[in-house]
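Colleague: Encoded as structure tokens, here's the structure I'll be asking about.
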Amino acid sequence: MEIWYVWVFIISFLSVSVGNWIYRWRNPKCKGKLPPGSMGFPLIGETLSFFATSNSIDMHPFINERLKRYGPLFKTNIAGRPVAVSSDPEFNYFLLQQEGKLIELYYMDSFSQMVHHDNMSNIGGYFHRYLRRSILGHFGHEPLKRKLLSQFEDVINHELHKWTNLPEVDVKRQTVPMLFDLTSQILMSHKPEENLGEDLSNMLQSIMTFPLYIPGTTFYKCIQKKRKAIKLTSRVVEERMKRYSCDNSAEGCNKTGDYFDEIVGDIGKEAFLTKEFVPYLLFGLLLASVETISPTITLATMYLLDNPSALQQLTEEHEEILKNREDANSGLVWEEYKSMTFTRYVINETLRLENLLPGMLRKVIADIHVDGYTIPKGWVLLVMPTALHLNPNIYEDPLTFNPSRWKNIGSNGMAKNFIPFGGGNRPCTGAEFSKVLVAVFLHVWVTKFRFTKIKGGNMDVINHELHKWTNLPEVDVKRQTVPMLFDLTSQILMSHKPEENLGEDLSSMLQSIMTFPLYIPGTTFYKCMQKKRKAIKLTSRVVEERMKGYSCDNSAEGCNKTGDYLDEIVGDIGKEAFLTKEFVPYLLFGLLLASVETISPTITLATMYLLDNPSALQQLTVINETLRIYNTKRLDPIGYAHSSSSEP
């Protein structure tokens, strides 16, 4: 009987403790009234909803739903940290002026690991003042006016001429290496032997992911790319330091006076500038250039091609610049750039819709009181530019590309409601550099070339498969999509389709998870284990063959490294403790299983529901009939100067 009392006491104690913990999680300590909102589930908060992918240009559903429910200021919990989210323009404007008083700069863990993790504590006010001063000396107003403007025009003109030899152009993908080379030239006065533009592209995706260092995750891939980039920048730093230590008159010693020379010269003079940190600094500057400017150029191209009247206005503005020149063969000058009024409208409108980063993070260093609420010291504050840029009360029809709206927006409205480059004491140092570069790209495009939209994308496999279905008397959607998904995933993972399509074997295999693990012939579990063994034999054979190929010289006969997912994994065997020759076949099996078993039921159910709902099917049909795919553009030269009547 006494044991029963002990158990009652233990259960009661645990229930009270857990209940108290949940209550404290949902009601954090505060010397006042917290903003409305929810802290989500214990430990994870609302992290999953926040990090969920959204492909719409509209506000992220996480933010949109909470703005409607709670208003412009609400609380939440992301990655275990209490967060206050603000989309109030007046409050944000005030807040960003309070750097060092009420708030300080804050970085997510994923970003900290993307840059030099050990030096994040050094990135304070003095570091940013130094960085701003040094960058503006080489990328700011005077360098842009004196030499960079003409350099941009030459590089972009040369690059677009190269594009004319391509059957089609992926604008985002083609601008990335151009920007990498251009930024490298300004930073270091030479282009590295390896163009890492492709590796840097889309790397900022890792900032908005869990920092899980597991093969296959976005964060893992980005860290691998970062390491590759750091190796290159470290090598460049070593070479420059050797040159910098020698006499400038000595043979093989040429100090260039570029940004890199300035940084290397300050190593040892500034506490935060170390030989180990400088490669990360270079990496950060290259990343910032590639990852922010290439999406802006791509989106500006896309929006203009979809808005012929805006493209016509832009073309007329730049043709007028050409007509007013005394020398028709001369290049762009600063006065011409400053006269590009409509071009600035186009760039502003693109930046407004682009919203590259979801928000600006700051750490609260003193209690903040606003509208009767208190944001406690130690919390993280998330300022939402997206909520400002897409606010229908500020911008009429906010999801529509309309450059002309900027005619009626004054400087005061822009200061509070338009912050694509940040605000307050820490605006982006490269803001003018970015805008000038985009303006020059648009100038070269509309005066010398013509883009034509063409369809493209990754629908070839699906098109081919559905054409095959037309020859069947009837189609079991679930059964027919399974081999298609197996082949498609195999192609992405391993760059080839295995000799045997195991889609049918993988289909419905997840049923075994919801059954007793009885390994008896005839049971569901037994059948699934047999199918798994068959799949593991196939993936083991693929891994064996790839490991043989990976160990050889890429130039040798019969040795072709493909650079696919399996190459990356095989290359990391031995480097990562958990990646063994025995484990990799199971990893491949898991990825193939996940693809087949999750996507095929979704396609099947979506098809079934749409066929049962004709009105929804009609709406979807109308949307897709008017959908334009922008991932590729065709480019044709049209001569240096053409009359304003020429069709753009």
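Labeling convention for the structure tokens: chains A, B, ... as they appear, residues from 1 per chain, ligands from 1 in order of appearance.
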Write out as a list of chain:residue names the residues lying within 12 Å of region 307-311 of chain A, counting only C-alpha atoms and excluding same-chain residues fewer than 6 positions away.
Modeller: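 Residues near the query, excluding close chain neighbours: A:Ala300, A:Thr301, A:Glu317, A:His318, A:Phe342, A:Thr343, A:Tyr345, A:Val346, A:Ile347, A:Glu349, A:Thr400, A:Phe401, A:Asn402, A:Pro403, A:Ser404, A:Arg405, A:Leu442, A:His443, A:Trp445, A:Val446, A:Thr447, A:Arg450, A:Phe451, A:Thr452, A:Glu647, A:Pro648.
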Colleague: Neighbours of Met59 (chain A) within 12 Å (only C-alpha atoms; same-chain residues fewer than 5 positions away dropped), as a VMD selection string?
Modeller: chain A and resid 50 53 to 54 64 to 68 87 352 to 359 384 to 392 398 to 399
Colleague: Taking the backbone alone, and naming residues the way the document does, which bits of region 62-162 of chain A are helix (DSSP H, G or I) by DSSP, as a PDB file with N, CA and C atoms, in the first residue's frame?
Modeller:
```pdb
ATOM      1  N   PHE A  62       3.254  32.409 -42.226  1.00  0.00           N
ATOM      2  CA  PHE A  62       3.473  32.521 -40.776  1.00  0.00           C
ATOM      3  C   PHE A  62       3.245  33.950 -40.302  1.00  0.00           C
ATOM      4  N   ILE A  63       3.817  34.914 -41.041  1.00  0.00           N
ATOM      5  CA  ILE A  63       3.696  36.321 -40.671  1.00  0.00           C
ATOM      6  C   ILE A  63       2.305  36.842 -40.988  1.00  0.00           C
ATOM      7  N   ASN A  64       1.822  36.493 -42.165  1.00  0.00           N
ATOM      8  CA  ASN A  64       0.524  37.001 -42.629  1.00  0.00           C
ATOM      9  C   ASN A  64      -0.610  36.628 -41.677  1.00  0.00           C
ATOM     10  N   GLU A  65      -0.642  35.372 -41.276  1.00  0.00           N
ATOM     11  CA  GLU A  65      -1.713  34.895 -40.394  1.00  0.00           C
ATOM     12  C   GLU A  65      -1.668  35.600 -39.040  1.00  0.00           C
ATOM     13  N   ARG A  66      -0.459  35.796 -38.513  1.00  0.00           N
ATOM     14  CA  ARG A  66      -0.334  36.398 -37.179  1.00  0.00           C
ATOM     15  C   ARG A  66      -0.568  37.907 -37.202  1.00  0.00           C
ATOM     16  N   LEU A  67      -0.236  38.546 -38.310  1.00  0.00           N
ATOM     17  CA  LEU A  67      -0.544  39.972 -38.425  1.00  0.00           C
ATOM     18  C   LEU A  67      -2.053  40.195 -38.400  1.00  0.00           C
ATOM     19  N   LYS A  68      -2.782  39.323 -39.087  1.00  0.00           N
ATOM     20  CA  LYS A  68      -4.246  39.446 -39.105  1.00  0.00           C
ATOM     21  C   LYS A  68      -4.846  39.138 -37.739  1.00  0.00           C
ATOM     22  N   ARG A  69      -4.220  38.195 -37.019  1.00  0.00           N
ATOM     23  CA  ARG A  69      -4.774  37.761 -35.736  1.00  0.00           C
ATOM     24  C   ARG A  69      -4.395  38.692 -34.581  1.00  0.00           C
ATOM     25  N   TYR A  70      -3.110  39.138 -34.568  1.00  0.00           N
ATOM     26  CA  TYR A  70      -2.609  39.871 -33.398  1.00  0.00           C
ATOM     27  C   TYR A  70      -2.299  41.347 -33.658  1.00  0.00           C
ATOM     28  N   PRO A  89       5.644  50.581 -39.011  1.00  0.00           N
ATOM     29  CA  PRO A  89       6.678  51.432 -39.613  1.00  0.00           C
ATOM     30  C   PRO A  89       7.237  52.484 -38.657  1.00  0.00           C
ATOM     31  N   GLU A  90       6.367  53.109 -37.846  1.00  0.00           N
ATOM     32  CA  GLU A  90       6.835  54.141 -36.915  1.00  0.00           C
ATOM     33  C   GLU A  90       7.733  53.542 -35.842  1.00  0.00           C
ATOM     34  N   PHE A  91       7.296  52.422 -35.277  1.00  0.00           N
ATOM     35  CA  PHE A  91       8.082  51.761 -34.229  1.00  0.00           C
ATOM     36  C   PHE A  91       9.404  51.252 -34.782  1.00  0.00           C
ATOM     37  N   ASN A  92       9.375  50.636 -35.981  1.00  0.00           N
ATOM     38  CA  ASN A  92      10.607  50.127 -36.591  1.00  0.00           C
ATOM     39  C   ASN A  92      11.594  51.257 -36.864  1.00  0.00           C
ATOM     40  N   TYR A  93      11.078  52.370 -37.371  1.00  0.00           N
ATOM     41  CA  TYR A  93      11.937  53.517 -37.676  1.00  0.00           C
ATOM     42  C   TYR A  93      12.611  54.028 -36.402  1.00  0.00           C
ATOM     43  N   PHE A  94      11.827  54.135 -35.319  1.00  0.00           N
ATOM     44  CA  PHE A  94      12.384  54.568 -34.031  1.00  0.00           C
ATOM     45  C   PHE A  94      13.411  53.565 -33.528  1.00  0.00           C
ATOM     46  N   LEU A  95      13.052  52.291 -33.627  1.00  0.00           N
ATOM     47  CA  LEU A  95      13.875  51.226 -33.067  1.00  0.00           C
ATOM     48  C   LEU A  95      15.256  51.159 -33.713  1.00  0.00           C
ATOM     49  N   ASP A 109      21.893  31.267 -35.263  1.00  0.00           N
ATOM     50  CA  ASP A 109      22.962  30.269 -35.144  1.00  0.00           C
ATOM     51  C   ASP A 109      23.446  29.807 -36.506  1.00  0.00           C
ATOM     52  N   SER A 110      22.517  29.637 -37.449  1.00  0.00           N
ATOM     53  CA  SER A 110      22.900  29.167 -38.785  1.00  0.00           C
ATOM     54  C   SER A 110      23.817  30.177 -39.467  1.00  0.00           C
ATOM     55  N   PHE A 111      23.548  31.491 -39.266  1.00  0.00           N
ATOM     56  CA  PHE A 111      24.403  32.520 -39.859  1.00  0.00           C
ATOM     57  C   PHE A 111      25.754  32.545 -39.167  1.00  0.00           C
ATOM     58  N   SER A 112      25.770  32.390 -37.840  1.00  0.00           N
ATOM     59  CA  SER A 112      27.029  32.383 -37.095  1.00  0.00           C
ATOM     60  C   SER A 112      27.960  31.288 -37.597  1.00  0.00           C
ATOM     61  N   GLN A 113      27.367  30.140 -37.951  1.00  0.00           N
ATOM     62  CA  GLN A 113      28.187  29.043 -38.440  1.00  0.00           C
ATOM     63  C   GLN A 113      28.586  29.228 -39.898  1.00  0.00           C
ATOM     64  N   MET A 114      27.866  30.085 -40.615  1.00  0.00           N
ATOM     65  CA  MET A 114      28.233  30.369 -41.995  1.00  0.00           C
ATOM     66  C   MET A 114      29.447  31.288 -42.073  1.00  0.00           C
ATOM     67  N   HIS A 117      32.766  31.526 -36.866  1.00  0.00           N
ATOM     68  CA  HIS A 117      32.012  31.340 -35.633  1.00  0.00           C
ATOM     69  C   HIS A 117      32.727  31.922 -34.414  1.00  0.00           C
ATOM     70  N   ASP A 118      34.045  31.740 -34.319  1.00  0.00           N
ATOM     71  CA  ASP A 118      34.790  32.190 -33.144  1.00  0.00           C
ATOM     72  C   ASP A 118      34.890  33.700 -33.057  1.00  0.00           C
ATOM     73  N   ASN A 119      34.643  34.410 -34.165  1.00  0.00           N
ATOM     74  CA  ASN A 119      34.805  35.854 -34.169  1.00  0.00           C
ATOM     75  C   ASN A 119      33.479  36.609 -34.126  1.00  0.00           C
ATOM     76  N   MET A 120      32.372  35.891 -33.963  1.00  0.00           N
ATOM     77  CA  MET A 120      31.085  36.586 -33.951  1.00  0.00           C
ATOM     78  C   MET A 120      31.000  37.586 -32.815  1.00  0.00           C
ATOM     79  N   SER A 121      31.683  37.286 -31.685  1.00  0.00           N
ATOM     80  CA  SER A 121      31.657  38.208 -30.550  1.00  0.00           C
ATOM     81  C   SER A 121      32.393  39.498 -30.851  1.00  0.00           C
ATOM     82  N   ASN A 122      33.286  39.468 -31.848  1.00  0.00           N
ATOM     83  CA  ASN A 122      34.046  40.669 -32.207  1.00  0.00           C
ATOM     84  C   ASN A 122      33.274  41.608 -33.116  1.00  0.00           C
ATOM     85  N   GLY A 125      30.148  47.364 -32.781  1.00  0.00           N
ATOM     86  CA  GLY A 125      30.029  48.674 -33.409  1.00  0.00           C
ATOM     87  C   GLY A 125      31.296  49.144 -34.088  1.00  0.00           C
ATOM     88  N   TYR A 126      32.456  48.987 -33.410  1.00  0.00           N
ATOM     89  CA  TYR A 126      33.695  49.477 -34.011  1.00  0.00           C
ATOM     90  C   TYR A 126      34.029  48.703 -35.272  1.00  0.00           C
ATOM     91  N   PHE A 127      33.813  47.386 -35.251  1.00  0.00           N
ATOM     92  CA  PHE A 127      34.078  46.571 -36.442  1.00  0.00           C
ATOM     93  C   PHE A 127      33.242  47.062 -37.623  1.00  0.00           C
ATOM     94  N   HIS A 128      31.959  47.320 -37.382  1.00  0.00           N
ATOM     95  CA  HIS A 128      31.090  47.763 -38.475  1.00  0.00           C
ATOM     96  C   HIS A 128      31.488  49.142 -38.990  1.00  0.00           C
ATOM     97  N   ARG A 129      31.936  50.013 -38.094  1.00  0.00           N
ATOM     98  CA  ARG A 129      32.390  51.335 -38.553  1.00  0.00           C
ATOM     99  C   ARG A 129      33.634  51.193 -39.424  1.00  0.00           C
ATOM    100  N   TYR A 130      34.545  50.307 -39.003  1.00  0.00           N
ATOM    101  CA  TYR A 130      35.756  50.068 -39.800  1.00  0.00           C
ATOM    102  C   TYR A 130      35.388  49.477 -41.156  1.00  0.00           C
ATOM    103  N   LEU A 131      34.508  48.474 -41.119  1.00  0.00           N
ATOM    104  CA  LEU A 131      34.124  47.788 -42.357  1.00  0.00           C
ATOM    105  C   LEU A 131      33.413  48.754 -43.305  1.00  0.00           C
ATOM    106  N   ARG A 132      32.531  49.565 -42.767  1.00  0.00           N
ATOM    107  CA  ARG A 132      31.805  50.525 -43.595  1.00  0.00           C
ATOM    108  C   ARG A 132      32.764  51.512 -44.254  1.00  0.00           C
ATOM    109  N   ARG A 133      33.709  52.030 -43.471  1.00  0.00           N
ATOM    110  CA  ARG A 133      34.670  53.005 -44.002  1.00  0.00           C
ATOM    111  C   ARG A 133      35.531  52.383 -45.101  1.00  0.00           C
ATOM    112  N   SER A 134      36.015  51.165 -44.864  1.00  0.00           N
ATOM    113  CA  SER A 134      36.899  50.523 -45.841  1.00  0.00           C
ATOM    114  C   SER A 134      36.147  50.138 -47.112  1.00  0.00           C
ATOM    115  N   ILE A 135      34.909  49.657 -46.975  1.00  0.00           N
ATOM    116  CA  ILE A 135      34.124  49.259 -48.154  1.00  0.00           C
ATOM    117  C   ILE A 135      33.761  50.479 -48.992  1.00  0.00           C
ATOM    118  N   LEU A 136      33.313  51.554 -48.340  1.00  0.00           N
ATOM    119  CA  LEU A 136      32.939  52.755 -49.085  1.00  0.00           C
ATOM    120  C   LEU A 136      34.129  53.348 -49.831  1.00  0.00           C
ATOM    121  N   GLY A 137      35.328  53.129 -49.297  1.00  0.00           N
ATOM    122  CA  GLY A 137      36.524  53.630 -49.974  1.00  0.00           C
ATOM    123  C   GLY A 137      36.790  52.947 -51.303  1.00  0.00           C
ATOM    124  N   HIS A 138      36.216  51.751 -51.498  1.00  0.00           N
ATOM    125  CA  HIS A 138      36.464  50.991 -52.731  1.00  0.00           C
ATOM    126  C   HIS A 138      35.180  50.669 -53.503  1.00  0.00           C
ATOM    127  N   PHE A 139      34.019  50.741 -52.826  1.00  0.00           N
ATOM    128  CA  PHE A 139      32.748  50.399 -53.466  1.00  0.00           C
ATOM    129  C   PHE A 139      31.736  51.540 -53.390  1.00  0.00           C
ATOM    130  N   HIS A 141      30.433  55.877 -53.272  1.00  0.00           N
ATOM    131  CA  HIS A 141      30.057  56.903 -54.251  1.00  0.00           C
ATOM    132  C   HIS A 141      31.218  57.332 -55.145  1.00  0.00           C
ATOM    133  N   GLU A 142      32.342  57.691 -54.541  1.00  0.00           N
ATOM    134  CA  GLU A 142      33.476  58.204 -55.328  1.00  0.00           C
ATOM    135  C   GLU A 142      34.070  57.157 -56.264  1.00  0.00           C
ATOM    136  N   PRO A 143      34.378  55.930 -55.774  1.00  0.00           N
ATOM    137  CA  PRO A 143      34.881  54.895 -56.703  1.00  0.00           C
ATOM    138  C   PRO A 143      33.880  54.570 -57.813  1.00  0.00           C
ATOM    139  N   LEU A 144      32.584  54.550 -57.483  1.00  0.00           N
ATOM    140  CA  LEU A 144      31.561  54.286 -58.502  1.00  0.00           C
ATOM    141  C   LEU A 144      31.590  55.359 -59.586  1.00  0.00           C
ATOM    142  N   LYS A 145      31.673  56.573 -59.155  1.00  0.00           N
ATOM    143  CA  LYS A 145      31.667  57.709 -60.081  1.00  0.00           C
ATOM    144  C   LYS A 145      32.948  57.758 -60.909  1.00  0.00           C
ATOM    145  N   ARG A 146      34.074  57.454 -60.269  1.00  0.00           N
ATOM    146  CA  ARG A 146      35.384  57.622 -60.905  1.00  0.00           C
ATOM    147  C   ARG A 146      35.724  56.492 -61.878  1.00  0.00           C
ATOM    148  N   LYS A 147      35.475  55.244 -61.490  1.00  0.00           N
ATOM    149  CA  LYS A 147      35.932  54.135 -62.355  1.00  0.00           C
ATOM    150  C   LYS A 147      34.972  52.948 -62.465  1.00  0.00           C
ATOM    151  N   LEU A 148      34.191  52.652 -61.393  1.00  0.00           N
ATOM    152  CA  LEU A 148      33.413  51.416 -61.399  1.00  0.00           C
ATOM    153  C   LEU A 148      32.255  51.443 -62.390  1.00  0.00           C
ATOM    154  N   LEU A 149      31.650  52.608 -62.606  1.00  0.00           N
ATOM    155  CA  LEU A 149      30.527  52.708 -63.540  1.00  0.00           C
ATOM    156  C   LEU A 149      30.924  52.217 -64.926  1.00  0.00           C
ATOM    157  N   SER A 150      32.041  52.708 -65.437  1.00  0.00           N
ATOM    158  CA  SER A 150      32.492  52.283 -66.772  1.00  0.00           C
ATOM    159  C   SER A 150      32.942  50.829 -66.761  1.00  0.00           C
ATOM    160  N   GLN A 151      33.519  50.386 -65.632  1.00  0.00           N
ATOM    161  CA  GLN A 151      33.932  48.987 -65.521  1.00  0.00           C
ATOM    162  C   GLN A 151      32.718  48.063 -65.569  1.00  0.00           C
ATOM    163  N   PHE A 152      31.650  48.446 -64.869  1.00  0.00           N
ATOM    164  CA  PHE A 152      30.413  47.663 -64.916  1.00  0.00           C
ATOM    165  C   PHE A 152      29.913  47.529 -66.355  1.00  0.00           C
ATOM    166  N   GLU A 153      29.901  48.637 -67.079  1.00  0.00           N
ATOM    167  CA  GLU A 153      29.367  48.628 -68.444  1.00  0.00           C
ATOM    168  C   GLU A 153      30.171  47.699 -69.340  1.00  0.00           C
ATOM    169  N   ASP A 154      31.488  47.739 -69.220  1.00  0.00           N
ATOM    170  CA  ASP A 154      32.351  46.890 -70.056  1.00  0.00           C
ATOM    171  C   ASP A 154      32.112  45.408 -69.757  1.00  0.00           C
ATOM    172  N   VAL A 155      32.080  45.082 -68.465  1.00  0.00           N
ATOM    173  CA  VAL A 155      31.920  43.671 -68.070  1.00  0.00           C
ATOM    174  C   VAL A 155      30.550  43.147 -68.503  1.00  0.00           C
ATOM    175  N   ILE A 156      29.493  43.917 -68.244  1.00  0.00           N
ATOM    176  CA  ILE A 156      28.132  43.466 -68.579  1.00  0.00           C
ATOM    177  C   ILE A 156      27.951  43.364 -70.091  1.00  0.00           C
ATOM    178  N   ASN A 157      28.495  44.319 -70.824  1.00  0.00           N
ATOM    179  CA  ASN A 157      28.413  44.278 -72.283  1.00  0.00           C
ATOM    180  C   ASN A 157      29.092  43.018 -72.819  1.00  0.00           C
ATOM    181  N   HIS A 158      30.280  42.730 -72.297  1.00  0.00           N
ATOM    182  CA  HIS A 158      31.027  41.538 -72.715  1.00  0.00           C
ATOM    183  C   HIS A 158      30.249  40.264 -72.368  1.00  0.00           C
ATOM    184  N   GLU A 159      29.651  40.247 -71.159  1.00  0.00           N
ATOM    185  CA  GLU A 159      28.936  39.050 -70.700  1.00  0.00           C
ATOM    186  C   GLU A 159      27.681  38.804 -71.535  1.00  0.00           C
ATOM    187  N   LEU A 160      26.923  39.849 -71.808  1.00  0.00           N
ATOM    188  CA  LEU A 160      25.689  39.676 -72.582  1.00  0.00           C
ATOM    189  C   LEU A 160      25.975  39.283 -74.024  1.00  0.00           C
ATOM    190  N   HIS A 161      27.111  39.725 -74.566  1.00  0.00           N
ATOM    191  CA  HIS A 161      27.507  39.262 -75.901  1.00  0.00           C
ATOM    192  C   HIS A 161      27.769  37.759 -75.885  1.00  0.00           C
ATOM    193  N   LYS A 162      28.349  37.260 -74.794  1.00  0.00           N
ATOM    194  CA  LYS A 162      28.580  35.816 -74.666  1.00  0.00           C
ATOM    195  C   LYS A 162      27.242  35.074 -74.590  1.00  0.00           C
TER     196      LYS A 162
END
```
Colleague: Find the spatial neighbours of Leu485 (chain A), counting only C-alpha atoms, within a cut-off of 10 Å - ignore same-chain residues fewer than 2 positions away - and output them as a list in words.
Modeller: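 Residues near the query, excluding close chain neighbours: Val461, Ile462, Gln480, Thr481, Val482, Pro483, Asp487, Leu488, Thr489, Ser490, Gln491, Gly503, Leu592, Leu593, Ser595, Val596, Glu597, Ile599 and Ser600 of chain A.
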Colleague: Record the distance separating CA of Glu336 (chain A) and CA of Ile321 (chain A), expressed in Å with one decimal.
Modeller: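 If I compute the distance from CA of Glu336 (chain A) to CA of Ile321 (chain A), I get 6.7 Å.
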Colleague: So what do you get for CA of Ile569 (chain A) versus CA of Thr598 (chain A), distance-wise?
Modeller: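 Answer for the CA of Ile569 (chain A) to CA of Thr598 (chain A) separation: 23.1 Å.
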Colleague: Report the distance between CA of Ala328 (chain A) and CA of Glu316 (chain A) in Å, rounded to one decimal place.
Modeller: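 CA of Ala328 (chain A) sits 16.2 Å away from CA of Glu316 (chain A).
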Colleague: Set the distance at 7 Å and use only C-alpha atoms: which residues neighbour Thr76 (chain A) once local chain neighbours fewer than 5 positions away are removed? I'd like the list as a PyMOL selection string.
Modeller: chain A and resi 37-39+46+82-84
Colleague: Quick one: write out the picked residues with N, CA and C atoms as a PDB file, in the first residue's frame?
Modeller:
```
ATOM      1  N   GLY A  37       0.075  37.082 -28.819  1.00  0.00           N
ATOM      2  CA  GLY A  37       0.737  36.058 -29.624  1.00  0.00           C
ATOM      3  C   GLY A  37       0.777  34.739 -28.894  1.00  0.00           C
ATOM      4  N   SER A  38       1.483  33.791 -29.464  1.00  0.00           N
ATOM      5  CA  SER A  38       1.614  32.457 -28.884  1.00  0.00           C
ATOM      6  C   SER A  38       3.074  32.053 -28.868  1.00  0.00           C
ATOM      7  N   MET A  39       3.481  31.350 -27.799  1.00  0.00           N
ATOM      8  CA  MET A  39       4.854  30.856 -27.707  1.00  0.00           C
ATOM      9  C   MET A  39       4.973  29.446 -28.282  1.00  0.00           C
ATOM     10  N   GLU A  46       7.211  27.923 -32.262  1.00  0.00           N
ATOM     11  CA  GLU A  46       6.541  27.945 -33.565  1.00  0.00           C
ATOM     12  C   GLU A  46       7.568  27.857 -34.696  1.00  0.00           C
ATOM     13  N   PRO A  82      12.627  33.469 -27.262  1.00  0.00           N
ATOM     14  CA  PRO A  82      11.451  34.346 -27.326  1.00  0.00           C
ATOM     15  C   PRO A  82      11.700  35.497 -28.298  1.00  0.00           C
ATOM     16  N   VAL A  83      10.744  35.734 -29.172  1.00  0.00           N
ATOM     17  CA  VAL A  83      10.904  36.715 -30.246  1.00  0.00           C
ATOM     18  C   VAL A  83       9.689  37.639 -30.287  1.00  0.00           C
ATOM     19  N   ALA A  84       9.950  38.936 -30.464  1.00  0.00           N
ATOM     20  CA  ALA A  84       8.883  39.899 -30.744  1.00  0.00           C
ATOM     21  C   ALA A  84       9.007  40.318 -32.201  1.00  0.00           C
TER      22      ALA A  84
END
```
Colleague: Nearest to Val477 (chain A) among A:Gly372, A:Val8, A:Met608, A:Cys428, with distances taken over only C-alpha atoms: which residue is it?
Modeller: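 Of A:Gly372, A:Val8, A:Met608, A:Cys428, the one nearest Val477 (chain A), counting only C-alpha atoms, is A:Met608.
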Colleague: With distances taken over only C-alpha atoms, which of A:Phe441, A:Phe433, A:Tyr106, A:Trp163 is nearest to Ile186 (chain A)?
Modeller: A:Phe433
Colleague: Run DSSP on the backbone and give me the residues of region 153-369 of chain A it puts in strand (DSSP E), as a list in words.
Modeller: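 Residues of region 153-369 of chain A classed as strand (DSSP E): Met360, Leu361, Arg362, Lys363, Val364, Ile368 and His369 of chain A.
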Colleague: Which residues come within 8 Å of Leu196 (chain A), counting only C-alpha atoms, excluding same-chain residues fewer than 6 positions away, as an NGL selection string?
Modeller: :A and (177 or 180 or 229)
